[in-house]
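Data block for model10.cif (mmCIF, C-alpha atoms):
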```cif
data_query
loop_
_atom_site.group_PDB
_atom_site.id
_atom_site.type_symbol
_atom_site.label_atom_id
_atom_site.label_comp_id
_atom_site.auth_asym_id
_atom_site.auth_seq_id
_atom_site.Cartn_x
_atom_site.Cartn_y
_atom_site.Cartn_z
ATOM 1 C CA MET A 25 107.487 88.294 118.300
ATOM 2 C CA VAL A 26 105.631 89.259 121.439
ATOM 3 C CA GLU A 27 101.896 88.826 120.979
ATOM 4 C CA PHE A 28 99.512 91.555 122.123
ATOM 5 C CA THR A 29 95.848 90.874 122.709
ATOM 6 C CA VAL A 30 93.364 92.780 120.596
ATOM 7 C CA HIS A 31 90.661 93.284 123.204
ATOM 8 C CA ASP A 32 86.979 93.804 122.628
ATOM 9 C CA GLU A 33 84.377 95.077 125.046
ATOM 10 C CA SER A 34 84.110 91.665 126.711
ATOM 11 C CA SER A 35 87.832 90.911 127.203
ATOM 12 C CA ALA A 36 89.164 94.400 127.997
ATOM 13 C CA PRO A 37 89.777 95.627 131.522
ATOM 14 C CA ALA A 38 86.494 96.814 133.048
ATOM 15 C CA GLU A 39 87.541 100.464 133.165
ATOM 16 C CA VAL A 40 87.819 100.725 129.350
ATOM 17 C CA ARG A 41 84.852 98.660 128.264
ATOM 18 C CA SER A 42 82.575 101.680 127.979
ATOM 19 C CA ALA A 43 85.135 103.467 125.773
ATOM 20 C CA LEU A 44 85.286 100.455 123.460
ATOM 21 C CA THR A 45 81.485 100.247 123.370
ATOM 22 C CA GLN A 46 81.370 103.957 122.489
ATOM 23 C CA ALA A 47 83.917 103.448 119.693
ATOM 24 C CA LYS A 48 81.826 100.602 118.320
ATOM 25 C CA LYS A 49 78.756 102.876 118.316
ATOM 26 C CA GLN A 50 80.608 105.690 116.547
ATOM 27 C CA LEU A 51 82.596 103.661 114.022
ATOM 28 C CA GLY A 52 80.548 100.490 113.711
ATOM 29 C CA PHE A 53 83.463 98.422 115.014
ATOM 30 C CA ILE A 54 86.283 98.601 117.546
ATOM 31 C CA PRO A 55 89.519 99.438 115.745
ATOM 32 C CA ASN A 56 92.245 96.922 116.486
ATOM 33 C CA ARG A 57 94.455 99.807 117.605
ATOM 34 C CA TYR A 58 91.947 100.543 120.385
ATOM 35 C CA GLY A 59 91.797 96.850 121.230
ATOM 36 C CA VAL A 60 95.568 96.708 121.680
ATOM 37 C CA LEU A 61 95.696 99.954 123.673
ATOM 38 C CA ALA A 62 92.902 98.659 125.929
ATOM 39 C CA GLU A 63 95.465 96.417 127.644
ATOM 40 C CA SER A 64 96.454 99.606 129.470
ATOM 41 C CA PRO A 65 93.419 101.700 130.399
ATOM 42 C CA GLN A 66 95.721 104.717 130.737
ATOM 43 C CA ALA A 67 97.197 104.234 127.254
ATOM 44 C CA LEU A 68 93.743 104.026 125.667
ATOM 45 C CA ALA A 69 92.471 106.986 127.699
ATOM 46 C CA ALA A 70 95.505 109.071 126.711
ATOM 47 C CA TYR A 71 95.096 108.197 123.035
ATOM 48 C CA LEU A 72 91.377 109.015 123.058
ATOM 49 C CA ALA A 73 91.967 112.270 124.967
ATOM 50 C CA VAL A 74 94.607 113.479 122.514
ATOM 51 C CA SER A 75 92.380 112.431 119.610
ATOM 52 C CA ASP A 76 89.554 114.500 121.071
ATOM 53 C CA GLN A 77 91.839 117.521 121.425
ATOM 54 C CA VAL A 78 92.974 117.216 117.797
ATOM 55 C CA ARG A 79 89.306 117.314 116.719
ATOM 56 C CA LYS A 80 88.818 120.476 118.828
ATOM 57 C CA SER A 81 91.939 122.171 117.456
ATOM 58 C CA SER A 82 91.993 125.334 115.367
ATOM 59 C CA LEU A 83 92.859 123.313 112.266
ATOM 60 C CA SER A 84 90.205 122.546 109.663
ATOM 61 C CA THR A 85 89.029 118.947 109.424
ATOM 62 C CA ALA A 86 91.025 118.508 106.216
ATOM 63 C CA ALA A 87 94.158 119.957 107.858
ATOM 64 C CA GLN A 88 93.717 117.658 110.874
ATOM 65 C CA GLN A 89 93.549 114.653 108.567
ATOM 66 C CA VAL A 90 96.590 115.856 106.620
ATOM 67 C CA VAL A 91 98.568 116.090 109.876
ATOM 68 C CA LEU A 92 97.537 112.613 111.032
ATOM 69 C CA LEU A 93 98.093 111.019 107.642
ATOM 70 C CA THR A 94 101.438 112.808 107.146
ATOM 71 C CA ALA A 95 102.677 111.720 110.576
ATOM 72 C CA SER A 96 101.554 108.166 109.827
ATOM 73 C CA ARG A 97 103.328 108.176 106.469
ATOM 74 C CA HIS A 98 106.532 109.678 107.836
ATOM 75 C CA ASN A 99 106.543 107.268 110.790
ATOM 76 C CA GLY A 100 106.220 104.370 108.341
ATOM 77 C CA CYS A 101 103.040 102.992 109.932
ATOM 78 C CA SER A 102 101.094 101.105 107.273
ATOM 79 C CA TYR A 103 98.239 100.451 109.743
ATOM 80 C CA CYS A 104 97.855 104.177 110.420
ATOM 81 C CA VAL A 105 98.197 105.154 106.756
ATOM 82 C CA ALA A 106 95.303 102.837 105.903
ATOM 83 C CA ALA A 107 93.233 103.968 108.898
ATOM 84 C CA TYR A 108 93.744 107.699 108.322
ATOM 85 C CA SER A 109 93.205 107.330 104.589
ATOM 86 C CA ALA A 110 89.823 105.758 105.333
ATOM 87 C CA LEU A 111 88.997 108.335 108.009
ATOM 88 C CA SER A 112 90.070 111.165 105.682
ATOM 89 C CA ALA A 113 87.804 109.818 102.952
ATOM 90 C CA ALA A 114 84.948 109.557 105.464
ATOM 91 C CA ALA A 115 85.622 113.189 106.450
ATOM 92 C CA LYS A 116 85.223 114.135 102.757
ATOM 93 C CA VAL A 117 88.858 115.139 102.264
ATOM 94 C CA ASP A 118 89.603 115.443 98.548
ATOM 95 C CA PRO A 119 90.917 112.073 97.300
ATOM 96 C CA ALA A 120 93.738 113.899 95.478
ATOM 97 C CA VAL A 121 94.897 115.281 98.835
ATOM 98 C CA ILE A 122 94.807 111.822 100.425
ATOM 99 C CA ASP A 123 96.770 110.344 97.521
ATOM 100 C CA ALA A 124 99.349 113.143 97.611
ATOM 101 C CA VAL A 125 100.021 112.601 101.317
ATOM 102 C CA ARG A 126 100.131 108.819 100.928
ATOM 103 C CA GLU A 127 102.672 109.213 98.107
ATOM 104 C CA ASP A 128 104.517 112.046 99.916
ATOM 105 C CA LYS A 129 103.942 114.372 96.975
ATOM 106 C CA PRO A 130 102.968 118.059 97.036
ATOM 107 C CA ILE A 131 99.305 118.915 97.606
ATOM 108 C CA ASP A 132 97.776 121.323 95.066
ATOM 109 C CA ASP A 133 96.018 123.325 97.814
ATOM 110 C CA PRO A 134 98.708 125.734 99.162
ATOM 111 C CA GLN A 135 97.258 125.814 102.692
ATOM 112 C CA LEU A 136 97.064 122.040 103.018
ATOM 113 C CA GLU A 137 100.520 121.733 101.436
ATOM 114 C CA ALA A 138 101.901 124.078 104.120
ATOM 115 C CA VAL A 139 100.326 121.854 106.798
ATOM 116 C CA HIS A 140 101.664 118.718 105.102
ATOM 117 C CA ARG A 141 105.181 120.122 104.792
ATOM 118 C CA PHE A 142 105.250 121.451 108.364
ATOM 119 C CA ALA A 143 103.924 118.193 109.868
ATOM 120 C CA ALA A 144 106.578 116.287 107.899
ATOM 121 C CA PHE A 145 109.303 118.610 109.237
ATOM 122 C CA VAL A 146 108.078 118.004 112.789
ATOM 123 C CA VAL A 147 108.100 114.215 112.418
ATOM 124 C CA ASP A 148 111.300 113.930 110.417
ATOM 125 C CA ASN A 149 113.217 116.244 112.737
ATOM 126 C CA ARG A 150 111.623 114.985 115.981
ATOM 127 C CA GLY A 151 110.363 118.487 116.684
ATOM 128 C CA TRP A 152 113.647 120.250 115.930
ATOM 129 C CA VAL A 153 112.115 122.313 113.125
ATOM 130 C CA ALA A 154 114.308 125.126 111.826
ATOM 131 C CA ASP A 155 113.165 128.650 112.652
ATOM 132 C CA ALA A 156 112.991 129.374 108.917
ATOM 133 C CA ASP A 157 110.514 126.505 108.469
ATOM 134 C CA VAL A 158 108.360 127.705 111.377
ATOM 135 C CA LYS A 159 108.434 131.220 109.919
ATOM 136 C CA ALA A 160 107.484 129.902 106.459
ATOM 137 C CA PHE A 161 104.505 128.122 108.014
ATOM 138 C CA LEU A 162 103.441 131.294 109.832
ATOM 139 C CA ASP A 163 103.975 133.332 106.665
ATOM 140 C CA ALA A 164 101.596 130.951 104.869
ATOM 141 C CA GLY A 165 98.828 132.414 107.037
ATOM 142 C CA PHE A 166 98.926 130.127 110.035
ATOM 143 C CA THR A 167 99.239 131.020 113.711
ATOM 144 C CA ARG A 168 101.428 129.952 116.589
ATOM 145 C CA ARG A 169 98.396 128.143 117.955
ATOM 146 C CA GLN A 170 98.244 126.095 114.767
ATOM 147 C CA VAL A 171 101.942 125.242 115.112
ATOM 148 C CA LEU A 172 101.086 123.755 118.507
ATOM 149 C CA ASP A 173 97.912 122.114 117.172
ATOM 150 C CA ILE A 174 100.052 120.313 114.596
ATOM 151 C CA LEU A 175 102.367 119.177 117.398
ATOM 152 C CA THR A 176 99.316 117.758 119.173
ATOM 153 C CA GLY A 177 98.343 115.801 116.060
ATOM 154 C CA VAL A 178 101.870 114.475 115.643
ATOM 155 C CA ALA A 179 101.960 113.523 119.334
ATOM 156 C CA MET A 180 98.847 111.416 118.786
ATOM 157 C CA LYS A 181 100.781 109.188 116.410
ATOM 158 C CA ASN A 182 102.257 106.666 118.811
ATOM 159 C CA TYR A 183 104.263 103.536 118.093
ATOM 160 C CA THR A 184 101.749 101.028 119.413
ATOM 161 C CA ASN A 185 101.076 99.561 115.983
ATOM 162 C CA HIS A 186 104.793 99.099 115.306
ATOM 163 C CA LEU A 187 105.377 97.369 118.632
ATOM 164 C CA ALA A 188 102.219 95.266 118.662
ATOM 165 C CA HIS A 189 102.081 94.490 114.919
ATOM 166 C CA THR A 190 98.429 95.517 115.068
ATOM 167 C CA PRO A 191 96.432 93.667 112.428
ATOM 168 C CA LEU A 192 94.711 95.926 109.916
ATOM 169 C CA ASP A 193 90.979 96.270 110.435
ATOM 170 C CA GLU A 194 88.825 94.872 107.643
ATOM 171 C CA ALA A 195 87.013 98.221 107.424
ATOM 172 C CA TRP A 196 90.276 99.889 106.345
ATOM 173 C CA ALA A 197 91.665 97.113 104.146
ATOM 174 C CA ALA A 198 90.724 98.945 100.933
ATOM 175 C CA TYR A 199 93.205 101.656 101.950
ATOM 176 C CA SER A 200 96.047 99.259 102.692
ATOM 177 C CA SER A 201 99.406 100.161 101.290
ATOM 178 C CA THR A 202 101.898 97.486 102.174
ATOM 179 C CA GLY A 203 104.619 99.487 100.444
ATOM 180 C CA VAL A 204 104.418 102.420 102.859
ATOM 181 C CA GLN A 205 107.863 103.000 104.239
ATOM 182 C CA SER A 206 109.377 105.683 106.365
ATOM 183 C CA VAL A 207 110.547 108.538 104.175
ATOM 184 C CA ARG A 208 113.524 109.257 106.401
#
```

The structure given in the file should be rewritten as structure tokens.
Amino acid sequence: MVEFTVHDESSAPAEVRSALTQAKKQLGFIPNRYGVLAESPQALAAYLAVSDQVRKSSLSTAAQQVVLLTASRHNGCSYCVAAYSALSAAAKVDPAVIDAVREDKPIDDPQLEAVHRFAAFVVDNRGWVADADVKAFLDAGFTRRQVLDILTGVAMKNYTNHLAHTPLDEAWAAYSSTGVQSVR
């Protein structure tokens, strides 16, 4: 296995140290994912930029978290499932919604279920979503902009943690699910 360094604000390249310091201020720690991405200032900057755009999207906070958690689940990333479960809980997403996504079960809220289902279609089909599925999402009351906002959230889910075997942060350990597997 190739080892990747999990950088902190003292070991990271100079151009990303301020971003890591900012993350530590916001979250109380530097997520290991950020520490791994810090090896490449461009990779960390790209990840943070896309993350910022997801937060600014037309999707509700709960829908954003459903997209990120669904993409994590369907990509089989146990690190991300734990992280986005914790972040969803911190964002006050209903625990039943978090559990449903983690277990890949239907969500009782029809709007969030439409987001969950559509995000899963995007991931599972690598973006080749059938026109009927896009239409069903639009017919559920969503817009073309929200189709693209979901694509942005899915794009944020990279494979860094798979490649680097990123160790789970202690802050997210309570949300660990070692049994998370790809649903494909």

Could you give me, as a PyMOL selection string, the residues within 9 Å of region 137-141 of chain A, counting only C-alpha atoms and dropping anything in the same chain fewer than 6 positions from it? chain A and resi 87-88+90-91+93-95+121+125+128+130-131+160-161+164+166+174

Report as a PDB file with C-alpha atoms, in the coordinates of the input all protein, DNA and RNA residues lying within 10 Å of Val60 (chain A), evaluated on only C-alpha atoms, omitting residues in the same chain fewer than 3 positions from it.
```
ATOM      1  CA  PHE A  28      99.512  91.555 122.123  1.00  0.00           C
ATOM      2  CA  THR A  29      95.848  90.874 122.709  1.00  0.00           C
ATOM      3  CA  VAL A  30      93.364  92.780 120.596  1.00  0.00           C
ATOM      4  CA  HIS A  31      90.661  93.284 123.204  1.00  0.00           C
ATOM      5  CA  ASP A  32      86.979  93.804 122.628  1.00  0.00           C
ATOM      6  CA  ALA A  36      89.164  94.400 127.997  1.00  0.00           C
ATOM      7  CA  PRO A  55      89.519  99.438 115.745  1.00  0.00           C
ATOM      8  CA  ASN A  56      92.245  96.922 116.486  1.00  0.00           C
ATOM      9  CA  ARG A  57      94.455  99.807 117.605  1.00  0.00           C
ATOM     10  CA  GLU A  63      95.465  96.417 127.644  1.00  0.00           C
ATOM     11  CA  SER A  64      96.454  99.606 129.470  1.00  0.00           C
ATOM     12  CA  ALA A  67      97.197 104.234 127.254  1.00  0.00           C
ATOM     13  CA  LEU A  68      93.743 104.026 125.667  1.00  0.00           C
ATOM     14  CA  THR A 184     101.749 101.028 119.413  1.00  0.00           C
ATOM     15  CA  ASN A 185     101.076  99.561 115.983  1.00  0.00           C
ATOM     16  CA  ALA A 188     102.219  95.266 118.662  1.00  0.00           C
ATOM     17  CA  HIS A 189     102.081  94.490 114.919  1.00  0.00           C
ATOM     18  CA  THR A 190      98.429  95.517 115.068  1.00  0.00           C
ATOM     19  CA  PRO A 191      96.432  93.667 112.428  1.00  0.00           C
TER      20      PRO A 191
END
```

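Applied to this file, the PyMOL selection byres ((chain A and resi 54) around 10) selects Val30, His31, Asp32, Glu33, Ala43, Leu44, Thr45, Gln46, Ala47, Lys48, Lys49, Gln50, Leu51, Gly52, Phe53, Pro55, Asn56, Arg57, Tyr58, Gly59 and Asp193 of chain A.
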
Would you compute an axis-aligned box for region 109-121 of chain A, covering every atom listed for it in the file with 5 Å of margin on each side, and report centre and edge lengths in Å to one decimal as lines of an AutoDock Vina configuration file?
```
center_x = 89.9
center_y = 110.6
center_z = 101.7
size_x = 19.9
size_y = 19.7
size_z = 22.5
```

Quick one, how far is CA of Ser96 (chain A) from CA of Ala114 (chain A)?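 Answer for the CA of Ser96 (chain A) to CA of Ala114 (chain A) separation: 17.2 Å.
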
Which is closer to Ser75 (chain A) than all the others in A:Lys159, A:Arg41, A:Lys181, A:His186, using all atoms listed in the file?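 Of the candidates, the smallest distance to Ser75 (chain A) is held by A:Lys181.
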
Measure the distance from CA of Asp173 (chain A) to CA of Ser109 (chain A) in Å and round it to one decimal. 20.0 Å

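Once the PyMOL selection byres ((chain A and resi 101-104) around 7) is applied to the shown structure, the selection contains A:Ser96, A:Arg97, A:Asn99, A:Gly100, A:Val105, A:Ala106, A:Ala107, A:Tyr108, A:Asn185, A:His186, A:Leu192, A:Ser201, A:Thr202, A:Val204.
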
Could you save the residues just selected, with C-alpha atoms, as an mmCIF file, in the coordinates of the input?
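Wrote it out as selection_8.cif, contents follow:
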```
data_model
loop_
_atom_site.group_PDB
_atom_site.id
_atom_site.type_symbol
_atom_site.label_atom_id
_atom_site.label_comp_id
_atom_site.auth_asym_id
_atom_site.auth_seq_id
_atom_site.Cartn_x
_atom_site.Cartn_y
_atom_site.Cartn_z
ATOM 1 C CA SER A 96 101.554 108.166 109.827
ATOM 2 C CA ARG A 97 103.328 108.176 106.469
ATOM 3 C CA ASN A 99 106.543 107.268 110.790
ATOM 4 C CA GLY A 100 106.220 104.370 108.341
ATOM 5 C CA VAL A 105 98.197 105.154 106.756
ATOM 6 C CA ALA A 106 95.303 102.837 105.903
ATOM 7 C CA ALA A 107 93.233 103.968 108.898
ATOM 8 C CA TYR A 108 93.744 107.699 108.322
ATOM 9 C CA ASN A 185 101.076 99.561 115.983
ATOM 10 C CA HIS A 186 104.793 99.099 115.306
ATOM 11 C CA LEU A 192 94.711 95.926 109.916
ATOM 12 C CA SER A 201 99.406 100.161 101.290
ATOM 13 C CA THR A 202 101.898 97.486 102.174
ATOM 14 C CA VAL A 204 104.418 102.420 102.859
#
```

Can you tell me, as a list in words, what residues are no more than 12 Å from Asp76 (chain A) when counting only C-alpha atoms, ignoring any on the same chain fewer than 5 positions away? Ala69, Ala70, Tyr71, Ser81, Gln88, Asp173, Thr176, Gly177 and Met180 of chain A

Take the residues from that selection and write them out as a PDB file, in the frame of the given file, keeping C-alpha atoms.
```pdb
ATOM      1  CA  ALA A  69      92.471 106.986 127.699  1.00  0.00           C
ATOM      2  CA  ALA A  70      95.505 109.071 126.711  1.00  0.00           C
ATOM      3  CA  TYR A  71      95.096 108.197 123.035  1.00  0.00           C
ATOM      4  CA  SER A  81      91.939 122.171 117.456  1.00  0.00           C
ATOM      5  CA  GLN A  88      93.717 117.658 110.874  1.00  0.00           C
ATOM      6  CA  ASP A 173      97.912 122.114 117.172  1.00  0.00           C
ATOM      7  CA  THR A 176      99.316 117.758 119.173  1.00  0.00           C
ATOM      8  CA  GLY A 177      98.343 115.801 116.060  1.00  0.00           C
ATOM      9  CA  MET A 180      98.847 111.416 118.786  1.00  0.00           C
TER      10      MET A 180
END
```

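The closest residue to Asp155 (chain A), picked from A:Leu187, A:Leu92, A:Ala195, A:Val171 and counting only C-alpha atoms, is A:Val171.
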
Expansion of the PyMOL selection byres ((chain A and resi 86) around 8) into residues, as a tab-separated table (two decimals) with C-alpha atoms, keeping the file's coordinate frame:
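Resulting contents of out.tsv:
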```tsv
chain	number	residue	atom	x	y	z
A	83	LEU	CA	92.86	123.31	112.27
A	84	SER	CA	90.20	122.55	109.66
A	85	THR	CA	89.03	118.95	109.42
A	87	ALA	CA	94.16	119.96	107.86
A	88	GLN	CA	93.72	117.66	110.87
A	89	GLN	CA	93.55	114.65	108.57
A	90	VAL	CA	96.59	115.86	106.62
A	112	SER	CA	90.07	111.16	105.68
A	115	ALA	CA	85.62	113.19	106.45
A	117	VAL	CA	88.86	115.14	102.26
A	136	LEU	CA	97.06	122.04	103.02
```

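Note that CA of Ser34 (chain A) and CA of Tyr183 (chain A) are 24.9 Å apart.
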